[in-house]
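This report refers to the structure that appears directly beneath it.
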Amino acid sequence: MAQSVDLLVLHAHLLTMQGNGVGYLRDGALAVRGDSLVDVGRSSELAQRYQATETLDATNCAVMPGLVDVHMHTVYAIVRGVAQDVSNWMQKGLAPFARHMDAEAARAGTRLNIVEAMQAGTTTMGDFVRPYPGWGECYAEAGVRACLTPTINALPPGGMAGLELGDLYPLDEKAGRESIAAALAICDRWQGAEDGRITTMLGPQGTDMIGLEQLLEVARIAEERGLMLHVHVAQGDREIDQMVKRYGQRTPAFLADNKLLNDRLLAVHLTEATDEETDLIAESGAPMALCSGSIGIIDGIVPPARRFREKGGIVGLGSDQASGNNCNNIFNEMKLTALFNKIKYRDPQVMPAWEVLRMGTIEGARAMGLGDRIGSLEVGKQADLIVVDVNTANILPIIDAPVRTLVPNLIYAGTGKEVQTMVVAGRIVMRDREILTLSESKVRAEAQHQAELIGERVSQDPLHRELALLSAMQAGQL
Ligand SMILES: [Zn+2]
């Protein structure tokens with residue numbers, strides 16, 4: 001007699017991501033009970049074995065694990081486009097806007113980013129944000145998986161706006177204390193919430209933005225609570241300059257000397273890491289968050305992910321912030337990662353399609369410490385999956401012999417718009433591109449409204465005269 005399940009997905013080009021490749025299964029099927037996968041196999045067998053409450057016919061579709069975005073700053077979706085194409089994106093692009101962001105604008109940004117990411121197939125979002133009221137609720141409501149990292153730093157109110165390049169950041173012990181307390185409140189509320197769908201990390205923004213004593217205190221608390229640290233590491237010449245001025249040491253050596261370099265540290269960017277520093281971090285077991293689009297646009301640099309992987313390190317992909325990367329789409333990151341590295345090394349064999357797909361799924365999950373729960377379609381794992389229409393003019397044709405074209409076409413021709421349906425923890429949260437858990441049109445309208453309000457506030461702030469893009473504006477280039 002057939003066993004009952006909640007959901008059966010049939011007739012898919014199944015990319016399970018099991019094993020060391022993409023784990024392809026022709027005419028593949030999945031059975032879901034509750035929040036978990038209970039069977040993965042051939043359609044002919046699973047259709048016999050199970051009676052389902054709901055059946056999804058995935059003919060002409062690829063079905064794969066939901067994409068994992070290990071590093072985002074969702075609030076900055078509200079200032080998408082204010083900080084690209086300039087030499088000092090943070091102080092002369094983002095900072096004059098960021099200081100006028102209130103909780104409503106932040107929430108509108110997070111929601112906009114969640115909609116954008118869902119519609120491009122991202123089911124797990126690693127969000128690094130200065131906490132504001134209602135942040136975690138955005139994810140609870142949307143039904144996606146989130147890892148919340150509340151930003152910790154000891155920068156005084158007003159942040160870095162107004163500082164000249166090369167000025168040592170003023171660190172404020174009291175601001176650090178408040179920021180740690182606010183972060184711990186988020187972890188208390190959200191770690192393991194929504195049946196484990198929401199988890200947390202502790203995020204010292206950068207080793208240059210908090211004093212050593214408080215940094216070590218945060219590390220100690222993270223260890224006590226079993227949380228990972230999520231830190232920007234060697235993220236720019238600004239940071240290295242600050243570290244050398246303050247400690248006489250570059251960031252990777254500083255982390256190693258303070259015993260912070262291990263598999264519980266998610267190291268973001270490594271933009272400025274030398275070969276030796278890259279090896280040091282990879283060999284320590286600390287995973288890397290690679291943000292190809294963001295670092296390409298704001299710094300013009302390809303981070304050392306290839307070398308990091310050659311040294312045995314785990315690399316996940318992050319879309320970072322929309323003020324500079326302009327989009328939060330892992331399809332985009334997979335393609336850019338493959339492309340940028342081929343160009344950097346002048347070798348088309350570097351970072352093939354299957355490899356970046358692994359970074360966008362199973363490796364991203366491992367980088368976040370969630371590899372035993374998500375990232376591949378395996379019995380016992382969470383049912384986080386996306387159904388991607390491949391019967392589209394940009395992806396067709398798909399042939400199977402003598403070589404299969406599915407994965408290269410998805411990576412180099414896919415845009416994310418082909419994602420039709422999304423399941424997170426066994427629940428359908430998007431169907432035929434309609435998000436079922438929130439109103440997309442309301443999210444879009446609110447984002448536009450809040451962005452216009454910020455624009456007005458920044459225009460009235462004399463600091464806006466420092467915006468690097470003003471000259472392009474005046475020259476009729478924007
Ligand atoms: Zn970041």
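In the structure tokens, the first chain shown is A, the next is B, and so on; residue numbers restart at 1 for each chain, and ligands run from 1 in the order shown.
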Margin query: Let me see if you get this right: every residue at most 8 Å from ligand 1, counting only C-alpha atoms and all ligand atoms, written as an MDAnalysis selection string.
Written below: chainID A and resid 71:73 128 232 268:269 320:321
Notebook entry, point to check: What's the 12 Å shell around Gln91 (chain A), counting only C-alpha atoms, without same-chain residues fewer than 3 positions away, as JSON, numbers by chain?
Noted result: {"A": [82, 83, 86, 87, 88, 94, 95, 96, 97, 98, 99, 158, 159, 160, 161, 162, 163, 164, 165, 166, 167, 169, 238, 298, 463, 464, 466, 467, 468, 469]}
Next item on the list: Just the helix (DSSP H, G or I) stuff from region 272-441 of chain A, please, per backbone DSSP, written as an NGL selection string.
Entry: :A and (275-284 or 292-299 or 305-310 or 330-345 or 353-359 or 362-367 or 406-413 or 440-441)
Near-Gln205 (chain A) list (8 Å; only C-alpha atoms; drop same-chain fewer than 3 positions) as a compact mmCIF listing (two decimals) with C-alpha atoms, in the first residue's frame:
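Result file around_11.txt:
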# COMPACT_ATOMS: atom_id res chain seq x y z
CA THR A 151 26.10 43.93 13.38
CA ILE A 152 28.45 44.61 16.27
CA ASN A 153 30.82 47.55 16.25
CA MET A 209 35.64 48.59 14.07
CA ILE A 210 35.72 47.22 17.63
CA HIS A 230 30.61 36.28 10.92
CA VAL A 231 33.29 38.89 10.21
CA HIS A 232 34.49 40.99 7.27
Note to self: List as an MDAnalysis selection string the protein and nucleic acid residues near region 444-457 of chain A, meaning an atom at most 7 Å away when only C-alpha atoms are counted, but skip any in the same chain fewer than 5 places from it.
What the structure shows: chainID A and resid 78:79 100:101 105 108:109 112
Write out as CSV the residues of region 64-183 of chain A that have any atom within 8 Å of an atom of region 330-351 of chain A, one row each with the nearest atom pair and its distance in Å to one decimal, counting only C-alpha atoms, sorted by chain and then rising number.
residue,atom,partner,partner_atom,distance
A:Leu67,CA,A:Ile330,CA,6.9
A:Val68,CA,A:Ile330,CA,7.6
A:Asp69,CA,A:Ile330,CA,6.6
A:Ala117,CA,A:Ile330,CA,7.8
A:Ala120,CA,A:Phe331,CA,7.0
A:Gly121,CA,A:Ile330,CA,7.7
A:Thr122,CA,A:Ile330,CA,6.9
Next item on the list: Using DSSP on the backbone, list every residue of region 129-297 of chain A that comes out as strand (DSSP E or B), and give them as JSON, numbers by chain.
Entry: {"A": [129, 145, 146, 147, 148, 149, 150, 151, 152, 193, 198, 199, 200, 202, 203, 204, 206, 229, 230, 231, 232, 233, 265, 266, 267, 268, 269, 288, 289, 290]}
Selection above as a file: N, CA and C atoms, as a short mmCIF file (atom, residue, chain, number, x, y, z; two decimals), in the first residue's frame:
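Generated file (part_31.cif):
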data_model
loop_
_atom_site.label_atom_id
_atom_site.label_comp_id
_atom_site.auth_asym_id
_atom_site.auth_seq_id
_atom_site.Cartn_x
_atom_site.Cartn_y
_atom_site.Cartn_z
N VAL A 129 23.04 42.79 9.61
CA VAL A 129 22.33 44.07 9.70
C VAL A 129 22.43 44.63 11.12
N ARG A 145 14.37 30.64 4.95
CA ARG A 145 15.34 30.32 5.99
C ARG A 145 16.30 31.51 6.13
N ALA A 146 16.61 31.86 7.36
CA ALA A 146 17.50 33.01 7.55
C ALA A 146 18.52 32.72 8.62
N CYS A 147 19.69 33.27 8.45
CA CYS A 147 20.67 33.31 9.53
C CYS A 147 20.94 34.78 9.80
N LEU A 148 20.49 35.24 10.96
CA LEU A 148 20.58 36.66 11.29
C LEU A 148 21.91 36.95 11.99
N THR A 149 22.65 37.88 11.46
CA THR A 149 23.86 38.34 12.13
C THR A 149 23.68 39.82 12.47
N PRO A 150 23.35 40.12 13.73
CA PRO A 150 23.25 41.53 14.12
C PRO A 150 24.64 42.16 14.16
N THR A 151 24.80 43.27 13.47
CA THR A 151 26.10 43.93 13.38
C THR A 151 26.58 44.41 14.74
N ILE A 152 27.84 44.10 15.04
CA ILE A 152 28.45 44.61 16.27
C ILE A 152 29.63 45.49 15.88
N ALA A 193 14.42 29.82 16.19
CA ALA A 193 13.00 30.18 16.09
C ALA A 193 12.38 29.63 14.81
N ILE A 198 15.12 29.78 11.55
CA ILE A 198 15.92 30.99 11.76
C ILE A 198 17.02 30.69 12.78
N THR A 199 18.24 31.02 12.39
CA THR A 199 19.38 30.85 13.28
C THR A 199 20.13 32.18 13.35
N THR A 200 21.17 32.22 14.16
CA THR A 200 21.89 33.49 14.33
C THR A 200 23.41 33.26 14.36
N LEU A 202 27.11 35.79 15.51
CA LEU A 202 27.54 37.08 16.07
C LEU A 202 28.51 37.72 15.08
N GLY A 203 28.29 39.01 14.82
CA GLY A 203 29.01 39.65 13.73
C GLY A 203 29.77 40.91 14.07
N PRO A 204 30.98 40.76 14.64
CA PRO A 204 31.82 41.96 14.69
C PRO A 204 32.06 42.41 13.23
N GLY A 206 34.02 44.31 11.61
CA GLY A 206 35.40 44.15 11.13
C GLY A 206 36.29 44.30 12.34
N LEU A 229 31.03 33.04 14.40
CA LEU A 229 31.32 34.45 14.18
C LEU A 229 31.25 34.72 12.68
N HIS A 230 30.78 35.88 12.32
CA HIS A 230 30.61 36.28 10.92
C HIS A 230 31.29 37.64 10.80
N VAL A 231 32.45 37.68 10.15
CA VAL A 231 33.29 38.89 10.21
C VAL A 231 33.82 39.24 8.82
N HIS A 232 33.79 40.53 8.48
CA HIS A 232 34.49 40.99 7.27
C HIS A 232 35.99 40.91 7.56
N VAL A 233 36.73 40.21 6.70
CA VAL A 233 38.17 39.99 6.93
C VAL A 233 38.96 40.47 5.72
N LEU A 265 34.47 30.55 12.28
CA LEU A 265 34.53 31.94 11.80
C LEU A 265 34.22 31.97 10.31
N LEU A 266 33.13 32.64 9.95
CA LEU A 266 32.82 32.85 8.53
C LEU A 266 33.52 34.13 8.10
N ALA A 267 34.55 33.96 7.27
CA ALA A 267 35.40 35.10 6.87
C ALA A 267 34.89 35.68 5.55
N VAL A 268 34.48 36.93 5.60
CA VAL A 268 33.85 37.54 4.44
C VAL A 268 34.86 38.36 3.62
N HIS A 269 34.85 38.15 2.33
CA HIS A 269 35.57 38.91 1.30
C HIS A 269 37.02 38.50 1.03
N MET A 288 34.92 30.75 3.74
CA MET A 288 35.00 32.07 3.11
C MET A 288 33.67 32.42 2.46
N ALA A 289 33.24 33.67 2.64
CA ALA A 289 32.09 34.20 1.90
C ALA A 289 32.64 34.99 0.73
N LEU A 290 32.33 34.54 -0.48
CA LEU A 290 32.82 35.18 -1.70
C LEU A 290 31.71 36.03 -2.30
#
Item checked: Polymer residues at most 10 Å from Asp299 (chain A), only C-alpha atoms, same-chain spacing of 3 or more positions, as a list of chain:residue names -> A:Gln84, A:Asp85, A:Val86, A:Ser87, A:Asn88, A:Trp89, A:Gln235, A:Gly236, A:Asp237, A:Thr271, A:Gly293, A:Ser294, A:Ile295, A:Gly296, A:Val302, A:Gly324
Generate the output file for the selected residues, N, CA and C atoms, as an mmCIF file, in the first residue's frame.
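And here is the file that came out, part.cif:
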data_model
loop_
_atom_site.group_PDB
_atom_site.id
_atom_site.type_symbol
_atom_site.label_atom_id
_atom_site.label_comp_id
_atom_site.auth_asym_id
_atom_site.auth_seq_id
_atom_site.Cartn_x
_atom_site.Cartn_y
_atom_site.Cartn_z
ATOM 1 N N GLN A 84 27.991 52.736 -6.505
ATOM 2 C CA GLN A 84 28.849 52.033 -7.474
ATOM 3 C C GLN A 84 29.616 53.037 -8.331
ATOM 4 N N ASP A 85 30.653 52.553 -8.994
ATOM 5 C CA ASP A 85 31.435 53.346 -9.958
ATOM 6 C C ASP A 85 32.203 54.497 -9.303
ATOM 7 N N VAL A 86 32.481 54.362 -7.992
ATOM 8 C CA VAL A 86 33.229 55.420 -7.297
ATOM 9 C C VAL A 86 34.403 54.795 -6.543
ATOM 10 N N SER A 87 35.369 55.634 -6.144
ATOM 11 C CA SER A 87 36.577 55.063 -5.558
ATOM 12 C C SER A 87 36.452 54.849 -4.048
ATOM 13 N N ASN A 88 35.571 55.534 -3.391
ATOM 14 C CA ASN A 88 35.419 55.359 -1.945
ATOM 15 C C ASN A 88 33.941 55.167 -1.641
ATOM 16 N N TRP A 89 33.468 53.967 -1.987
ATOM 17 C CA TRP A 89 32.019 53.702 -1.977
ATOM 18 C C TRP A 89 31.399 53.836 -0.598
ATOM 19 N N GLN A 235 38.861 43.163 4.166
ATOM 20 C CA GLN A 235 37.838 43.549 3.195
ATOM 21 C C GLN A 235 38.218 44.779 2.378
ATOM 22 N N GLY A 236 39.335 45.398 2.726
ATOM 23 C CA GLY A 236 39.723 46.529 1.898
ATOM 24 C C GLY A 236 40.991 47.153 2.419
ATOM 25 N N ASP A 237 41.572 48.027 1.620
ATOM 26 C CA ASP A 237 42.801 48.671 2.078
ATOM 27 C C ASP A 237 42.515 49.582 3.276
ATOM 28 N N THR A 271 39.281 40.372 0.327
ATOM 29 C CA THR A 271 39.643 41.183 -0.830
ATOM 30 C C THR A 271 41.135 41.474 -0.898
ATOM 31 N N GLY A 293 30.149 39.826 -7.210
ATOM 32 C CA GLY A 293 29.531 41.004 -7.820
ATOM 33 C C GLY A 293 29.855 42.264 -7.041
ATOM 34 N N SER A 294 29.686 42.198 -5.739
ATOM 35 C CA SER A 294 29.906 43.371 -4.902
ATOM 36 C C SER A 294 31.360 43.837 -4.953
ATOM 37 N N ILE A 295 32.293 42.907 -4.752
ATOM 38 C CA ILE A 295 33.701 43.308 -4.701
ATOM 39 C C ILE A 295 34.185 43.732 -6.088
ATOM 40 N N GLY A 296 33.628 43.108 -7.122
ATOM 41 C CA GLY A 296 33.947 43.544 -8.482
ATOM 42 C C GLY A 296 33.527 44.985 -8.699
ATOM 43 N N VAL A 302 39.005 40.687 -7.853
ATOM 44 C CA VAL A 302 38.475 39.323 -7.763
ATOM 45 C C VAL A 302 39.114 38.655 -6.546
ATOM 46 N N GLY A 324 25.974 48.929 -3.631
ATOM 47 C CA GLY A 324 27.079 48.805 -4.574
ATOM 48 C C GLY A 324 26.944 47.635 -5.536
#
Notebook entry, point to check: Could you name the residues that touch Gly136 (chain A) at 8 Å or less, counting only C-alpha atoms, but leaving out those on the same chain fewer than 3 positions away, as a PyMOL selection string?
Noted result: chain A and resi 139-140+148+190
Dump C-alpha atoms for the selected residues as a compact mmCIF listing (two decimals), in the first residue's frame?
# COMPACT_ATOMS: atom_id res chain seq x y z
CA TYR A 139 11.82 36.38 7.76
CA ALA A 140 9.27 34.73 9.99
CA LEU A 148 20.58 36.66 11.29
CA TRP A 190 15.66 34.22 17.15
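Using only C-alpha atoms, the shortest contact distance between Arg433 (chain A) and any of A:Met359, A:Ala52, A:Val419, A:Cys327 is found at A:Val419.
When CA of Ile314 (chain A) is paired with CA of Ile281 (chain A), their separation reads 10.5 Å.
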What lies within 10 Å of Ser36 (chain A) using only C-alpha atoms, ignoring chain neighbours under 4 positions off, as a compact mmCIF listing (two decimals) with N, CA and C atoms, in the first residue's frame?
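Written file, selection_21.txt:
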# COMPACT_ATOMS: atom_id res chain seq x y z
N ASP A 6 3.30 14.51 2.22
CA ASP A 6 2.64 15.80 2.00
C ASP A 6 2.84 16.31 0.58
N ALA A 31 10.07 13.03 -2.36
CA ALA A 31 8.91 12.94 -1.47
C ALA A 31 9.22 13.71 -0.20
N VAL A 32 8.23 14.52 0.23
CA VAL A 32 8.41 15.39 1.39
C VAL A 32 7.33 15.07 2.43
N ARG A 373 21.91 20.05 7.31
CA ARG A 373 20.46 20.28 7.25
C ARG A 373 19.97 20.68 5.86
N ILE A 374 20.78 21.45 5.12
CA ILE A 374 20.33 21.98 3.84
C ILE A 374 21.47 21.91 2.82
N LEU A 377 19.78 17.72 -1.85
CA LEU A 377 18.51 17.01 -1.74
C LEU A 377 18.83 15.57 -1.33
N GLU A 378 18.71 15.32 -0.04
CA GLU A 378 19.04 14.01 0.52
C GLU A 378 18.02 13.66 1.57
N VAL A 379 17.73 12.37 1.69
CA VAL A 379 16.78 11.91 2.70
C VAL A 379 17.24 12.37 4.08
N GLY A 380 16.31 12.95 4.82
CA GLY A 380 16.60 13.40 6.17
C GLY A 380 16.92 14.89 6.25
N LYS A 381 17.27 15.48 5.10
CA LYS A 381 17.53 16.93 5.12
C LYS A 381 16.23 17.71 5.00
N GLN A 382 16.31 18.98 5.30
CA GLN A 382 15.16 19.87 5.16
C GLN A 382 14.73 19.96 3.69
N ALA A 383 13.42 20.04 3.47
CA ALA A 383 12.90 20.15 2.11
C ALA A 383 12.93 21.61 1.68
N ASP A 384 14.11 22.08 1.28
CA ASP A 384 14.29 23.43 0.72
C ASP A 384 14.65 23.23 -0.74
N VAL A 424 10.23 25.78 1.16
CA VAL A 424 11.17 25.92 2.28
C VAL A 424 10.62 25.16 3.48
N ALA A 425 11.43 24.27 4.02
CA ALA A 425 11.01 23.42 5.15
C ALA A 425 9.67 22.75 4.85
N GLY A 426 9.53 22.29 3.61
CA GLY A 426 8.35 21.52 3.22
C GLY A 426 7.14 22.36 2.84
N ARG A 427 7.24 23.67 2.97
CA ARG A 427 6.09 24.54 2.70
C ARG A 427 6.29 25.29 1.38
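Minimum distance to Leu438 (chain A) across A:Leu155, A:Thr110, A:Cys138, A:Met64 (counting only C-alpha atoms) occurs at A:Cys138.
Closest approach to Glu137 (chain A) among A:Asp35, A:Asp208, A:Glu224, A:Glu194: A:Glu194, based on only C-alpha atoms.
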Item checked: Selected residue, from A:Pro304, A:Gly369, A:Pro170, A:Pro408, that lies nearest to Gly226 (chain A) when counting only C-alpha atoms -> A:Gly369
Pull the closest atom pair for each residue of region 79-159 of chain A that gets at most 10 Å from region 316-319 of chain A, along with the distance in Å to one decimal, counting only C-alpha atoms, ordering rows by chain and then ascending residue number, as a Markdown table.
| residue | atom | partner | partner_atom | distance |
| --- | --- | --- | --- | --- |
| A:Ala117 | CA | A:Ser319 | CA | 9.6 |
| A:Met125 | CA | A:Gly318 | CA | 9.0 |
| A:Gly126 | CA | A:Gly318 | CA | 8.2 |
| A:Asp127 | CA | A:Gly318 | CA | 9.8 |
